[in-house]
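Following: one structure in structure tokens, then a few remarks.
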Amino acid sequence: VVAQAPAPGAVQVAPTAAVGITLSAPLAPGYRIALTRADDGTALAGTTTPTADGTGLRLAPDAPLPPDTELRATVTGLRSQGGATLADQTWTFRTQPAGAVAEQTLFGAVVPQVAAVDESAPVELGVAFRTLRPGRITQLRFFKGPGNDGVHVASLWDASGQRLARVTVAGESAAGWQTASLSTPVVVQPGEDYVVSYLAPRGHYAVTPGFFEQPHAAGDLVTSPGANGRYLYGAAGGLPVHSWGATNYFVDVTFVPDPRAVSVEESSPEPGATGVPRDTDVTVRLSVPVASGTLELRDGTTSVAGASTRSSDGRGLTLDPAVPLAPGTTYTATLAGVRSTEGVALATTTWTFRTEEA
């Protein structure tokens, strides 16, 4: 076994992840990949295909993987074309929880101008990047074109050249974006420079010349300033330090930003306000967009009828009372059930104000 995907013991695995294995020799027919829930053995359907060179298998699930679930991959019937057999292979991994913060990549589904240059020298290719928020790198990815065969090893480096993660890509498709999940996500900090790279042992790497003549950003990921599009020739690979022509070699990461805290930035009427007009609306402005939350207003234990609405940007909540408020009365406003679009809850918040006298 050269590599498995997701890596054994991997966590925070994306619901769209494929399952794969790469072997040291081409396989004969008779193989099978099965994906099941580890708790009860329920099978998850999918389609298995061999890699272009016959040394790997890839299972694409028919539906998104269940959230926050330990899954077991089992590969059977492993026999090389030369007749050598290998014992069944089994490993487990865990998917990310439901409602997890959306994953981000630098290049998404963008494809290179040239899928594979006609060069066969071993070379490590990379991209330097930064994040705008704290978070975790969960996957490394690269674009594969014709002739870019062999075993691909992807790495994540810090600015000093220390390797933070290394993973062998398994179960590759014939062409297109290839992804490998890290067994342990790497914590990254905003403003720090990182390099993601992979070794193409037979060359034929993807390129778009001049891509980095302008800065590139996607979500909370940005390319590092200065020369970008990195390479280093040699079969041993290593941190790519050279660049030429602002060329993009299409190496990428999957980044999961840390959820942002939710707080009330402004409320109206303000807590403790007096002389509040009787036709006032109750509003709050939150620090981040929210997916849910309501405003309620009470006169003692009596609830005030009205409609609670959320602003178009998701950061504002408003309660519009159905009738004017009573004069000279102290009301209690309650903000409840608030949960951000990134899954963070805000504790129930209350405050009081008093209306103008008659």
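Residues are named by chain letter and number: chains run A, B, ... in the order of the structure tokens, numbers start at 1 in each chain, and ligands are numbered from 1 in the order shown.
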
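For Asp88 (chain A), the residues within 8 Å (counting only C-alpha atoms, excluding itself and residues fewer than 4 positions away along the chain) are Thr74, Val75, Thr76, Gly77 and Leu78 of chain A.
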
Could those residues be written to a file, using N, CA and C atoms, as a CSV table (one decimal), in the first residue's frame?
chain,number,residue,atom,x,y,z
A,74,THR,N,-13.1,-0.5,3.3
A,74,THR,CA,-12.5,-1.9,3.2
A,74,THR,C,-12.3,-2.2,1.8
A,75,VAL,N,-11.1,-2.6,1.5
A,75,VAL,CA,-10.7,-3.0,0.1
A,75,VAL,C,-10.3,-4.4,0.1
A,76,THR,N,-11.0,-5.2,-0.8
A,76,THR,CA,-10.8,-6.6,-0.9
A,76,THR,C,-10.4,-7.0,-2.4
A,77,GLY,N,-9.9,-8.2,-2.5
A,77,GLY,CA,-9.6,-8.7,-3.8
A,77,GLY,C,-8.4,-8.1,-4.5
A,78,LEU,N,-7.4,-7.7,-3.7
A,78,LEU,CA,-6.2,-7.1,-4.2
A,78,LEU,C,-5.2,-8.1,-4.7

**OP:** Extract the full set of strand (DSSP E) residues from region 104-348 of chain A according to DSSP on the backbone, and format it as a PyMOL selection string.
**Re:** chain A and resi 104-105+123-131+135-144+153-158+163-168+176-188+194-200+217-218+221-223+230-233+251-257+264-268+282-286+290-299+302-303+306-310+316-321+330-340+345-346

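The interatomic distance for the pair CA of Ala128 (chain A) and CA of Ala227 (chain A) works out to 8.9 Å.
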
Could you make a table, as a Markdown table, of the residues of region 135-207 of chain A that have an atom within 12 Å of an atom of region 249-268 of chain A, each with its nearest atom pair and distance in Å to one decimal, counting only C-alpha atoms, in chain and number order?
| residue | atom | partner | partner_atom | distance |
| --- | --- | --- | --- | --- |
| A:Gly135 | CA | A:Pro257 | CA | 4.0 |
| A:Arg136 | CA | A:Val256 | CA | 5.3 |
| A:Ile137 | CA | A:Phe255 | CA | 4.6 |
| A:Thr138 | CA | A:Thr254 | CA | 5.7 |
| A:Gln139 | CA | A:Thr254 | CA | 4.9 |
| A:Leu140 | CA | A:Val253 | CA | 4.5 |
| A:Arg141 | CA | A:Asp252 | CA | 5.0 |
| A:Phe142 | CA | A:Val251 | CA | 4.3 |
| A:Phe143 | CA | A:Phe250 | CA | 5.7 |
| A:Lys144 | CA | A:Phe250 | CA | 8.8 |
| A:Gly145 | CA | A:Phe250 | CA | 10.8 |
| A:His152 | CA | A:Val251 | CA | 12.0 |
| A:Val153 | CA | A:Val251 | CA | 11.8 |
| A:Ala154 | CA | A:Val251 | CA | 9.0 |
| A:Ser155 | CA | A:Val253 | CA | 10.0 |
| A:Leu156 | CA | A:Val253 | CA | 8.8 |
| A:Trp157 | CA | A:Val253 | CA | 11.7 |
| A:Ala165 | CA | A:Val253 | CA | 11.7 |
| A:Gly176 | CA | A:Phe250 | CA | 10.5 |
| A:Trp177 | CA | A:Phe250 | CA | 8.9 |
| A:Gln178 | CA | A:Val251 | CA | 9.6 |
| A:Thr179 | CA | A:Val253 | CA | 8.7 |
| A:Ala180 | CA | A:Val253 | CA | 9.5 |
| A:Ser181 | CA | A:Thr254 | CA | 8.8 |
| A:Leu182 | CA | A:Thr254 | CA | 10.0 |
| A:Pro185 | CA | A:Phe255 | CA | 9.4 |
| A:Val186 | CA | A:Phe255 | CA | 9.5 |
| A:Val187 | CA | A:Val256 | CA | 9.6 |
| A:Val188 | CA | A:Phe255 | CA | 9.1 |
| A:Gln189 | CA | A:Pro257 | CA | 9.9 |
| A:Pro190 | CA | A:Pro257 | CA | 10.1 |
| A:Tyr194 | CA | A:Val253 | CA | 10.5 |
| A:Val195 | CA | A:Asp252 | CA | 9.2 |
| A:Val196 | CA | A:Asp252 | CA | 6.4 |
| A:Ser197 | CA | A:Val251 | CA | 6.1 |
| A:Tyr198 | CA | A:Val251 | CA | 7.3 |
| A:Leu199 | CA | A:Val251 | CA | 10.5 |
| A:Ala200 | CA | A:Tyr249 | CA | 11.0 |
| A:Gly203 | CA | A:Tyr249 | CA | 11.5 |
| A:His204 | CA | A:Tyr249 | CA | 10.7 |
| A:Tyr205 | CA | A:Tyr249 | CA | 7.0 |
| A:Ala206 | CA | A:Tyr249 | CA | 5.5 |
| A:Val207 | CA | A:Tyr249 | CA | 4.7 |

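Closest approach to Ala326 (chain A) among A:Asp68, A:Val284, A:Gly275, A:Thr48 is made by A:Gly275 (distances from only C-alpha atoms).
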
* Tell me, as a PyMOL selection string, which residues lie within 10 Å of Thr16 (chain A), counting only C-alpha atoms; anything in the same chain fewer than 4 positions away does not count. => chain A and resi 60-66+95

Can you write out the residues you just picked, keeping N, CA and C atoms, as a PDB file, in the first residue's frame?
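The new file result-v9.pdb reads:
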ATOM      1  N   ALA A  60     -16.270   6.902  -5.542  1.00  0.00           N
ATOM      2  CA  ALA A  60     -16.999   8.169  -5.465  1.00  0.00           C
ATOM      3  C   ALA A  60     -18.378   7.878  -4.884  1.00  0.00           C
ATOM      4  N   PRO A  61     -18.677   8.326  -3.656  1.00  0.00           N
ATOM      5  CA  PRO A  61     -19.990   8.066  -3.046  1.00  0.00           C
ATOM      6  C   PRO A  61     -21.130   8.655  -3.881  1.00  0.00           C
ATOM      7  N   ASP A  62     -22.260   7.962  -3.882  1.00  0.00           N
ATOM      8  CA  ASP A  62     -23.423   8.429  -4.642  1.00  0.00           C
ATOM      9  C   ASP A  62     -24.086   9.637  -3.986  1.00  0.00           C
ATOM     10  N   ALA A  63     -23.876   9.827  -2.697  1.00  0.00           N
ATOM     11  CA  ALA A  63     -24.501  10.930  -1.956  1.00  0.00           C
ATOM     12  C   ALA A  63     -23.476  11.479  -0.969  1.00  0.00           C
ATOM     13  N   PRO A  64     -23.683  12.708  -0.486  1.00  0.00           N
ATOM     14  CA  PRO A  64     -22.752  13.253   0.510  1.00  0.00           C
ATOM     15  C   PRO A  64     -22.616  12.327   1.715  1.00  0.00           C
ATOM     16  N   LEU A  65     -21.426  12.252   2.265  1.00  0.00           N
ATOM     17  CA  LEU A  65     -21.184  11.405   3.428  1.00  0.00           C
ATOM     18  C   LEU A  65     -21.935  11.953   4.640  1.00  0.00           C
ATOM     19  N   PRO A  66     -22.406  11.077   5.535  1.00  0.00           N
ATOM     20  CA  PRO A  66     -23.142  11.549   6.713  1.00  0.00           C
ATOM     21  C   PRO A  66     -22.227  12.359   7.630  1.00  0.00           C
ATOM     22  N   THR A  95     -16.049  12.096   9.469  1.00  0.00           N
ATOM     23  CA  THR A  95     -16.497  13.249   8.686  1.00  0.00           C
ATOM     24  C   THR A  95     -16.705  14.457   9.591  1.00  0.00           C
TER      25      THR A  95
END

Taking 3 positions as the minimum chain separation for residues in the same chain, which residues sit within 7 Å of Ser292 (chain A) when counting only C-alpha atoms? Answer as a PDB file with N, CA and C atoms, in the first residue's frame.
ATOM      1  N   GLY A 337     -32.392  32.506  20.737  1.00  0.00           N
ATOM      2  CA  GLY A 337     -32.269  31.559  19.631  1.00  0.00           C
ATOM      3  C   GLY A 337     -31.325  31.991  18.539  1.00  0.00           C
ATOM      4  N   VAL A 338     -30.367  32.861  18.869  1.00  0.00           N
ATOM      5  CA  VAL A 338     -29.445  33.346  17.842  1.00  0.00           C
ATOM      6  C   VAL A 338     -28.356  32.308  17.592  1.00  0.00           C
ATOM      7  N   ARG A 339     -28.169  31.980  16.315  1.00  0.00           N
ATOM      8  CA  ARG A 339     -27.081  31.096  15.889  1.00  0.00           C
ATOM      9  C   ARG A 339     -26.528  31.651  14.583  1.00  0.00           C
TER      10      ARG A 339
END

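Distances from A:Asn248, A:Ser340, A:Ser312, A:Gln89 to Ala291 (chain A) were compared using only C-alpha atoms, and the smallest one belongs to A:Ser340.
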
One residue among A:Glu119, A:Asp39, A:Glu124, A:Glu172 is nearest to Val19 (chain A) when using only C-alpha atoms, and that residue is A:Glu172

With distances taken over only C-alpha atoms, the candidate from A:Ala336, A:Leu106, A:Leu232, A:Ala98 nearest Gly126 (chain A) is A:Leu232

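For the pair CA of Leu57 (chain A) and CA of Pro97 (chain A), the interatomic distance is 26.7 Å.
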
Please provide the set of residues having any atom within 10 Å of Arg310 (chain A), restricted to only C-alpha atoms, with same-chain residues fewer than 5 positions apart removed, written as a PDB file with C-alpha atoms, in the first residue's frame.
ATOM      1  CA  THR A 283     -33.662  46.449  16.777  1.00  0.00           C
ATOM      2  CA  VAL A 284     -30.288  44.799  17.327  1.00  0.00           C
ATOM      3  CA  PRO A 289     -24.603  37.183   9.916  1.00  0.00           C
ATOM      4  CA  VAL A 290     -26.985  34.848  11.726  1.00  0.00           C
ATOM      5  CA  ALA A 291     -29.108  31.972  10.489  1.00  0.00           C
ATOM      6  CA  SER A 292     -31.715  32.202  13.247  1.00  0.00           C
ATOM      7  CA  GLY A 293     -32.864  34.392  16.110  1.00  0.00           C
ATOM      8  CA  THR A 294     -35.919  36.268  17.372  1.00  0.00           C
ATOM      9  CA  LEU A 295     -36.695  39.422  19.284  1.00  0.00           C
ATOM     10  CA  ARG A 315     -26.799  40.932  10.841  1.00  0.00           C
ATOM     11  CA  GLY A 316     -29.894  42.829  11.933  1.00  0.00           C
ATOM     12  CA  LEU A 317     -33.032  41.714  13.809  1.00  0.00           C
ATOM     13  CA  THR A 318     -36.097  43.925  14.197  1.00  0.00           C
ATOM     14  CA  LEU A 319     -39.320  43.609  16.172  1.00  0.00           C
TER      15      LEU A 319
END

Query raised in the report: Got a sec: who's within 10 Å of Ala305 (chain A), counting only C-alpha atoms, leaving out chain neighbours fewer than 6 positions off, as a PyMOL selection string?
Result: chain A and resi 296-298+319-323

Grab the residues selected above and save them as a compact mmCIF listing (two decimals), in the first residue's frame with all heavy atoms.
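Okay, this is what ended up in part32.txt:
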# COMPACT_ATOMS: atom_id res chain seq x y z
N GLU A 296 -38.19 39.39 21.21
CA GLU A 296 -39.48 39.39 21.89
C GLU A 296 -39.54 40.59 22.82
O GLU A 296 -38.50 41.07 23.31
CB GLU A 296 -39.68 38.10 22.68
CG GLU A 296 -39.71 36.84 21.81
CD GLU A 296 -39.85 35.58 22.64
OE1 GLU A 296 -39.77 35.68 23.89
OE2 GLU A 296 -40.05 34.51 22.05
N LEU A 297 -40.75 41.09 23.07
CA LEU A 297 -40.95 42.25 23.94
C LEU A 297 -42.08 41.94 24.92
O LEU A 297 -43.13 41.40 24.51
CB LEU A 297 -41.30 43.48 23.11
CG LEU A 297 -41.23 44.84 23.79
CD1 LEU A 297 -39.81 45.12 24.29
CD2 LEU A 297 -41.68 45.93 22.82
N ARG A 298 -41.83 42.24 26.19
CA ARG A 298 -42.85 41.96 27.21
C ARG A 298 -43.06 43.17 28.11
O ARG A 298 -42.13 43.92 28.42
CB ARG A 298 -42.44 40.76 28.07
CG ARG A 298 -42.49 39.43 27.33
CD ARG A 298 -42.10 38.26 28.24
NE ARG A 298 -42.17 37.01 27.53
CZ ARG A 298 -43.27 36.26 27.42
NH1 ARG A 298 -44.41 36.68 27.99
NH2 ARG A 298 -43.25 35.14 26.74
N LEU A 319 -37.96 43.93 15.72
CA LEU A 319 -39.32 43.61 16.17
C LEU A 319 -40.18 44.85 15.96
O LEU A 319 -39.90 45.93 16.51
CB LEU A 319 -39.33 43.23 17.65
CG LEU A 319 -40.74 43.04 18.25
CD1 LEU A 319 -41.42 41.82 17.63
CD2 LEU A 319 -40.68 42.90 19.77
N ASP A 320 -41.23 44.70 15.16
CA ASP A 320 -42.17 45.79 14.87
C ASP A 320 -43.46 45.50 15.62
O ASP A 320 -44.26 44.66 15.21
CB ASP A 320 -42.42 45.85 13.36
CG ASP A 320 -43.39 46.95 12.98
OD1 ASP A 320 -43.66 47.81 13.83
OD2 ASP A 320 -43.87 46.94 11.83
N PRO A 321 -43.71 46.19 16.76
CA PRO A 321 -44.93 45.94 17.53
C PRO A 321 -46.18 46.18 16.70
O PRO A 321 -46.22 47.10 15.87
CB PRO A 321 -44.83 46.92 18.70
CG PRO A 321 -43.36 47.19 18.83
CD PRO A 321 -42.84 47.17 17.43
N ALA A 322 -47.20 45.37 16.93
CA ALA A 322 -48.43 45.46 16.14
C ALA A 322 -49.21 46.73 16.48
O ALA A 322 -49.93 47.26 15.63
CB ALA A 322 -49.30 44.23 16.37
N VAL A 323 -49.07 47.22 17.70
CA VAL A 323 -49.77 48.44 18.12
C VAL A 323 -48.78 49.30 18.91
O VAL A 323 -47.76 48.80 19.40
CB VAL A 323 -50.99 48.11 19.01
CG1 VAL A 323 -52.02 47.31 18.21
CG2 VAL A 323 -50.57 47.34 20.25

Can you list, as a PDB file with C-alpha atoms, in the first residue's frame, every protein, DNA or RNA residue that comes within 6 Å of Phe129 (chain A) when you count only C-alpha atoms, leaving out same-chain residues fewer than 3 positions away?
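Saved result, part.pdb, follows:
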ATOM      1  CA  ASP A 193       3.097  32.941   4.780  1.00  0.00           C
ATOM      2  CA  TYR A 194       2.685  29.274   3.863  1.00  0.00           C
ATOM      3  CA  VAL A 222      -4.984  35.165  -0.603  1.00  0.00           C
ATOM      4  CA  THR A 223      -1.780  34.588  -2.517  1.00  0.00           C
ATOM      5  CA  SER A 224       1.369  35.877  -0.837  1.00  0.00           C
TER       6      SER A 224
END

Counting only C-alpha atoms, the residue among A:Val11, A:Leu325, A:Ile21, A:Thr92 that lies closest to Leu35 (chain A) is A:Thr92

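One distance worth recording is that between CA of Pro6 (chain A) and CA of Phe93 (chain A), which is 6.8 Å.
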